[in-house]
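J.: Please see the structure below; I have some questions.
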Amino acid sequence: MVQYLLALAPTFLVLALFLLGPFNWSRHHTWTRAVTCALVAAIALRYILWRLTETVLPYPYDGLNFYWVWFVFLVEMLAFTEVVLFLVLMSRYVDRSAEADKLARVFFARDQRELPTVDVFIPTYNEPLDVLERTIVGALSLDYPADKLRVYVLDDQRRDWLKRFCEEKNAIHVTRGDNSHAKAGNMNNGLKVSSGDFVAVFDADFVPYRHFLRRTLPFFSDESIGIVQTPQHFFNADPVQSNLGLENIWPDEQRLFFDEIAPSRDVWDVSFCCGSCSIARRKAIDAIGGFPTESITEDLLTTLSMLNVGYKTRYLNERLSMGLAAENLTGYFVQRERWCQGGIQTLYLHNGPLRGPGLSLFQRIMFLPASWLVQYLVRFMILIVPIVYLWFGLLPLYFTDIADYVSYQIPLLTAYFLLMLWITPTRYLPIISSAVGTFATFRMLPTVVSSVIRPFGKPFRVTPKGSGNEENQFDRYTFICIASLVAITAAGLLINIVPETTNVQGQFSPIAALWAGINIIVMIIASLICFEKPRRLFHAFKLEEAATVDGIPGQVVSLALDKAVVAVPVETQFQSRSVMLKFDGFTPFRSELKQVTQRRRSIARGGDRQAYYLHLHFELSESDRDKMIVKLYTGQYSQDIRDIDKVAVSVNLLLRSFGRTRTL
């Protein structure tokens, strides 16, 4: 017992250091980040040196197990390298909002006639009107002088209905004779017919906030800035949130990158363009010969090409647009497979991180697609190491004592999890994050392998969005992979309980059993993501605004382009199902009363009392619909999840797991 308590001493020390240090520090100061990341790096180095000197080098040559030990260690070295790069990256942080304030005061103090001209590009291929109208109306509503702003809808399907819509809205509809080079080729064609000093790009499903240009343009006062990128936020739940039933209590998967990693990349001058929600200097685009067409991720390659000629990318971590996250698993994997393949393609290109001129050694390292190349291989190894041991008796390391393992690995895992909880307290939970990574592994690992072997030749695929994309699917392939590994892992545990059938001996067995049990839990949660839930085509925003229904005062608590939920006093009576709805900024319009529900809430100054919830549907006039788009999608509301309710997440997942198990 004393031996194991001593083995846990390093873990207790890590906990104490975090409780006394980082958890009492601001996570946005560079010195606190540097100290904390250095601490975790030291613990990781201690672990990897132990692995090499005590568990790998002493292992005798005994055939297959010898090679297995070395293979596992090499994969672990890849993971260690990725972790070190991550720690170096996250050791610094910058918030450029104050800088944006200062620059804007000078930039917009000039005469309006001296402001630069801006072209807004909206590249589109197959998106329907319900997606495009929000983006077009939002772009036309940007707070910028009308004579300095042009909105170009770059239509690669040459649709007559879209041309008519653009003419009605005073946007410029642009087509070309073919679809060569996909999105990059489409935008290069846009460059030919436009002449603005700056080019802002919004994917067809992203709506810019009205003050987007007023926050981003001032950064170009520095002539070395080629691109300013802003984060991508979403007004719908992504498939992970939706399928796990965590839409209102767990943030979307991309928050970790856009809210935490991207600002840290920026301070190191390794920030990169993410395509949509960005603005570029035309002179810089011309300097690299237009948007690069060699990769299916033209955004990343645009940054690298600009770095080659001396231009930098800046990142402003402010919510300045809102769009559609991938709406189902098909779109989710189309998107991520494209990002993965495009990142790996840069390794083979003349303007990529290995061969591109003008890059520092640090920039070359930080632009390597290390995460794509390593993360899924590591996750797959985590799943199969206990299986290989339980079924074939192959040890992953020269194992001496449980106490040694506890003394070196547990402190590292503890330190890493505490670091992530400190750096991103509202974006990370170990079990959920591991489950999401595990779920993606079975589709993404083959993409990584095929992209390394054959990086080019796979065509650009547009992420499906909007109406016509409602089909709910069951990810049979991923579910079968996960279910098979769960069954194999569980069977491996069972056969080793019985002495007559056991394949293993020695002290590693309890570690393997615990490892296998954790893997099963993670995979069960991952399997829940395979079951798609029905999605909503129109997304409602929660709000609290005064309104009247047939002259009766109430509050709008939920609002979309075609419906609203209004709370009114419980004693309210209506003579007709057709009522007049009125709230700030809109003339009264007729709405159809579809449903009435009742629950307790505070109405105006009446305190906590029962209220009727009126579910109203309506069809707005064209002008009012445009006003509603501007109201809902251009900066007044958000769907952000500010904090993680850890208890709610745990209970929800337990109920989902139990319910799904009973269904199956």
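Just so we're on the same page: first chain in the structure tokens is A, next is B, and so on; residues restart at 1 for each chain, and ligands are numbered from 1 in the order they show up.
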Would you list the contacts of range 167-184 of chain A as a list in words, taking every protein, DNA or RNA residue within 7 Å and counting only C-alpha atoms, but skipping same-chain residues closer than 6 positions in sequence?

T.: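 Skipping anything fewer than 6 positions along the chain leaves Pro123, Val151, Tyr152, Val153, Leu154, Asp155, Asp156, Arg158, Phe291, Pro292, Thr293, Glu298 and Phe460 of chain A.
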
J.: Could the residues of range 254-360 of chain A that have an atom at most 6 Å from range 89-105 of chain A be listed as JSON lines, each with its closest atom pair and the distance in Å to one decimal, counting only C-alpha atoms and ordered by chain and ascending residue number?

T.:
```
{"residue": "A:Pro263", "atom": "CA", "partner": "A:Val94", "partner_atom": "CA", "distance": 5.8}
{"residue": "A:Ser264", "atom": "CA", "partner": "A:Tyr93", "partner_atom": "CA", "distance": 4.6}
{"residue": "A:Val267", "atom": "CA", "partner": "A:Val94", "partner_atom": "CA", "distance": 5.8}
{"residue": "A:Leu316", "atom": "CA", "partner": "A:Arg96", "partner_atom": "CA", "distance": 5.8}
```

J.: Any chance you could list, as a PDB file with N, CA and C atoms, in the first residue's frame, the residues in range 247-298 of chain A that come up alpha helix (DSSP H) when DSSP is run on the backbone?

T.:
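Produced file selection37.pdb, reproduced below:
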```pdb
ATOM      1  N   ARG A 255     -15.201  25.178 -31.619  1.00  0.00           N
ATOM      2  CA  ARG A 255     -14.919  26.264 -30.679  1.00  0.00           C
ATOM      3  C   ARG A 255     -13.490  26.201 -30.131  1.00  0.00           C
ATOM      4  N   ALA A 262      -6.582  29.389 -32.410  1.00  0.00           N
ATOM      5  CA  ALA A 262      -6.332  30.416 -33.424  1.00  0.00           C
ATOM      6  C   ALA A 262      -5.709  31.687 -32.839  1.00  0.00           C
ATOM      7  N   PRO A 263      -6.171  32.218 -31.680  1.00  0.00           N
ATOM      8  CA  PRO A 263      -5.494  33.394 -31.108  1.00  0.00           C
ATOM      9  C   PRO A 263      -4.038  33.122 -30.753  1.00  0.00           C
ATOM     10  N   SER A 264      -3.739  31.909 -30.292  1.00  0.00           N
ATOM     11  CA  SER A 264      -2.351  31.568 -29.972  1.00  0.00           C
ATOM     12  C   SER A 264      -1.504  31.460 -31.239  1.00  0.00           C
ATOM     13  N   ARG A 265      -2.073  30.929 -32.299  1.00  0.00           N
ATOM     14  CA  ARG A 265      -1.341  30.888 -33.564  1.00  0.00           C
ATOM     15  C   ARG A 265      -1.039  32.312 -34.044  1.00  0.00           C
ATOM     16  N   ASP A 266      -1.975  33.205 -33.828  1.00  0.00           N
ATOM     17  CA  ASP A 266      -1.808  34.570 -34.322  1.00  0.00           C
ATOM     18  C   ASP A 266      -0.604  35.260 -33.690  1.00  0.00           C
ATOM     19  N   VAL A 267      -0.423  35.101 -32.387  1.00  0.00           N
ATOM     20  CA  VAL A 267       0.669  35.796 -31.710  1.00  0.00           C
ATOM     21  C   VAL A 267       2.030  35.273 -32.174  1.00  0.00           C
ATOM     22  N   ARG A 282      -6.294  43.055 -51.933  1.00  0.00           N
ATOM     23  CA  ARG A 282      -6.214  42.633 -53.330  1.00  0.00           C
ATOM     24  C   ARG A 282      -4.771  42.656 -53.836  1.00  0.00           C
ATOM     25  N   LYS A 283      -4.000  43.635 -53.392  1.00  0.00           N
ATOM     26  CA  LYS A 283      -2.603  43.719 -53.825  1.00  0.00           C
ATOM     27  C   LYS A 283      -1.847  42.449 -53.432  1.00  0.00           C
ATOM     28  N   ALA A 284      -2.166  41.912 -52.251  1.00  0.00           N
ATOM     29  CA  ALA A 284      -1.516  40.682 -51.794  1.00  0.00           C
ATOM     30  C   ALA A 284      -1.982  39.484 -52.619  1.00  0.00           C
ATOM     31  N   ILE A 285      -3.278  39.458 -52.959  1.00  0.00           N
ATOM     32  CA  ILE A 285      -3.790  38.364 -53.798  1.00  0.00           C
ATOM     33  C   ILE A 285      -3.128  38.415 -55.171  1.00  0.00           C
ATOM     34  N   ASP A 286      -2.992  39.611 -55.725  1.00  0.00           N
ATOM     35  CA  ASP A 286      -2.332  39.760 -57.026  1.00  0.00           C
ATOM     36  C   ASP A 286      -0.877  39.322 -56.957  1.00  0.00           C
ATOM     37  N   ALA A 287      -0.228  39.580 -55.808  1.00  0.00           N
ATOM     38  CA  ALA A 287       1.190  39.246 -55.664  1.00  0.00           C
ATOM     39  C   ALA A 287       1.442  37.747 -55.723  1.00  0.00           C
ATOM     40  N   GLU A 298      -7.867  25.955 -50.614  1.00  0.00           N
ATOM     41  CA  GLU A 298      -7.226  27.159 -51.156  1.00  0.00           C
ATOM     42  C   GLU A 298      -6.972  28.201 -50.083  1.00  0.00           C
TER      43      GLU A 298
END
```

J.: Give the answer as one residue: which of A:Val557, A:Leu397, A:Val498, A:Ile43 has the shortest atom-to-atom distance to Phe80 in chain A, using only C-alpha atoms?

T.: A:Ile43

J.: Taking 3 positions as the minimum chain separation for residues in the same chain, which residues sit within 10 Å of Asp222 in chain A when counting only C-alpha atoms? Answer as a VMD selection string.

T.: chain A and resid 103 218 to 219 225 to 226 312

J.: From the options A:Pro588, A:Gly437, A:Gly331, A:Gly352, which residue's atoms come nearest to Ile382 in chain A, counting only C-alpha atoms?

T.: A:Gly437

J.: For each of A:Asn189, A:Thr216, A:Asn248, A:Gln345, take the minimum atom-to-atom distance to Gln639 in chain A, counting only C-alpha atoms, then give the residue where this is smallest.

T.: A:Asn248

J.: If we count only C-alpha atoms and set the cut-off at 10 Å, which residues sit around Ala44 in chain A, ignoring sequence neighbours fewer than 2 positions away in its own chain? Please answer as a short mmCIF file (atom, residue, chain, number, x, y, z; two decimals) with N, CA, C and O atoms, in the first residue's frame.

T.:
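part-v4.cif written:
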```cif
data_model
loop_
_atom_site.label_atom_id
_atom_site.label_comp_id
_atom_site.auth_asym_id
_atom_site.auth_seq_id
_atom_site.Cartn_x
_atom_site.Cartn_y
_atom_site.Cartn_z
N ALA A 38 5.17 24.97 -19.79
CA ALA A 38 6.51 24.44 -19.49
C ALA A 38 6.43 23.33 -18.45
O ALA A 38 7.13 22.31 -18.55
N LEU A 39 5.55 23.51 -17.46
CA LEU A 39 5.36 22.47 -16.44
C LEU A 39 4.86 21.18 -17.08
O LEU A 39 5.39 20.08 -16.81
N VAL A 40 3.85 21.28 -17.93
CA VAL A 40 3.30 20.08 -18.57
C VAL A 40 4.34 19.45 -19.50
O VAL A 40 4.46 18.23 -19.58
N ALA A 41 5.11 20.28 -20.20
CA ALA A 41 6.16 19.77 -21.09
C ALA A 41 7.21 18.99 -20.29
O ALA A 41 7.69 17.94 -20.74
N ALA A 42 7.57 19.50 -19.11
CA ALA A 42 8.55 18.81 -18.27
C ALA A 42 8.02 17.45 -17.82
O ALA A 42 8.76 16.45 -17.81
N ARG A 46 9.60 13.84 -18.80
CA ARG A 46 9.91 12.83 -17.77
C ARG A 46 9.31 11.49 -18.16
O ARG A 46 9.97 10.44 -18.04
N TYR A 47 8.06 11.53 -18.65
CA TYR A 47 7.39 10.28 -19.03
C TYR A 47 8.07 9.62 -20.22
O TYR A 47 8.33 8.41 -20.20
N ILE A 48 8.37 10.40 -21.25
CA ILE A 48 8.90 9.79 -22.48
C ILE A 48 10.31 9.25 -22.25
O ILE A 48 10.71 8.24 -22.84
N LEU A 49 11.10 9.90 -21.37
CA LEU A 49 12.43 9.37 -21.03
C LEU A 49 12.31 8.06 -20.26
O LEU A 49 13.08 7.12 -20.48
N TRP A 50 11.33 7.99 -19.37
CA TRP A 50 11.08 6.73 -18.66
C TRP A 50 10.68 5.64 -19.63
O TRP A 50 11.17 4.51 -19.54
N PHE A 80 3.92 12.50 -28.59
CA PHE A 80 4.72 13.39 -27.75
C PHE A 80 5.14 14.63 -28.54
O PHE A 80 5.06 15.76 -28.04
N VAL A 83 2.18 16.91 -28.96
CA VAL A 83 1.86 17.58 -27.69
C VAL A 83 2.83 18.72 -27.42
O VAL A 83 2.43 19.81 -26.99
N VAL A 84 4.13 18.50 -27.67
CA VAL A 84 5.12 19.55 -27.44
C VAL A 84 4.85 20.74 -28.35
O VAL A 84 4.91 21.90 -27.91
N TYR A 408 4.50 7.39 -13.49
CA TYR A 408 4.93 8.16 -14.66
C TYR A 408 3.77 8.53 -15.60
O TYR A 408 3.74 9.65 -16.11
N GLN A 409 2.84 7.62 -15.84
CA GLN A 409 1.79 7.94 -16.81
C GLN A 409 0.64 8.74 -16.19
O GLN A 409 0.15 9.69 -16.82
N PRO A 411 0.56 11.00 -13.76
CA PRO A 411 0.83 12.44 -13.66
C PRO A 411 0.74 13.17 -15.00
O PRO A 411 0.27 14.31 -15.06
N LEU A 412 1.18 12.50 -16.07
CA LEU A 412 1.12 13.13 -17.39
C LEU A 412 -0.32 13.33 -17.84
O LEU A 412 -0.70 14.41 -18.30
N LEU A 413 -1.14 12.28 -17.71
CA LEU A 413 -2.55 12.40 -18.09
C LEU A 413 -3.25 13.47 -17.25
O LEU A 413 -4.02 14.28 -17.76
N ALA A 415 -1.87 16.07 -15.74
CA ALA A 415 -1.37 17.40 -16.11
C ALA A 415 -1.99 17.87 -17.42
O ALA A 415 -2.37 19.04 -17.55
N TYR A 416 -2.10 16.98 -18.40
CA TYR A 416 -2.66 17.37 -19.70
C TYR A 416 -4.14 17.73 -19.58
O TYR A 416 -4.58 18.76 -20.11
#
```

J.: Point out the residue among A:Tyr398, A:Glu133, A:Leu87, A:Ser26 with the least atom-to-atom distance to Val56 in chain A, counting only C-alpha atoms.

T.: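 Result for the nearest residue to Val56 in chain A: A:Tyr398.
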
J.: Between A:Thr489, A:Gln375, A:Asn317, A:Tyr209, which residue has the minimum interatomic distance to Met523 in chain A, considering only C-alpha atoms?

T.: A:Thr489

J.: Check the smallest atom-to-atom distance from each of A:His539, A:Lys533, A:Arg625, A:Arg210 to Gln241 in chain A using only C-alpha atoms, then report the winner.

T.: A:Lys533

J.: What is the CA of Leu593 in chain A-CA of Ser621 in chain A distance in Å, reported with one decimal?

T.: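 Going from CA of Leu593 in chain A over to CA of Ser621 in chain A, I get 18.4 Å.
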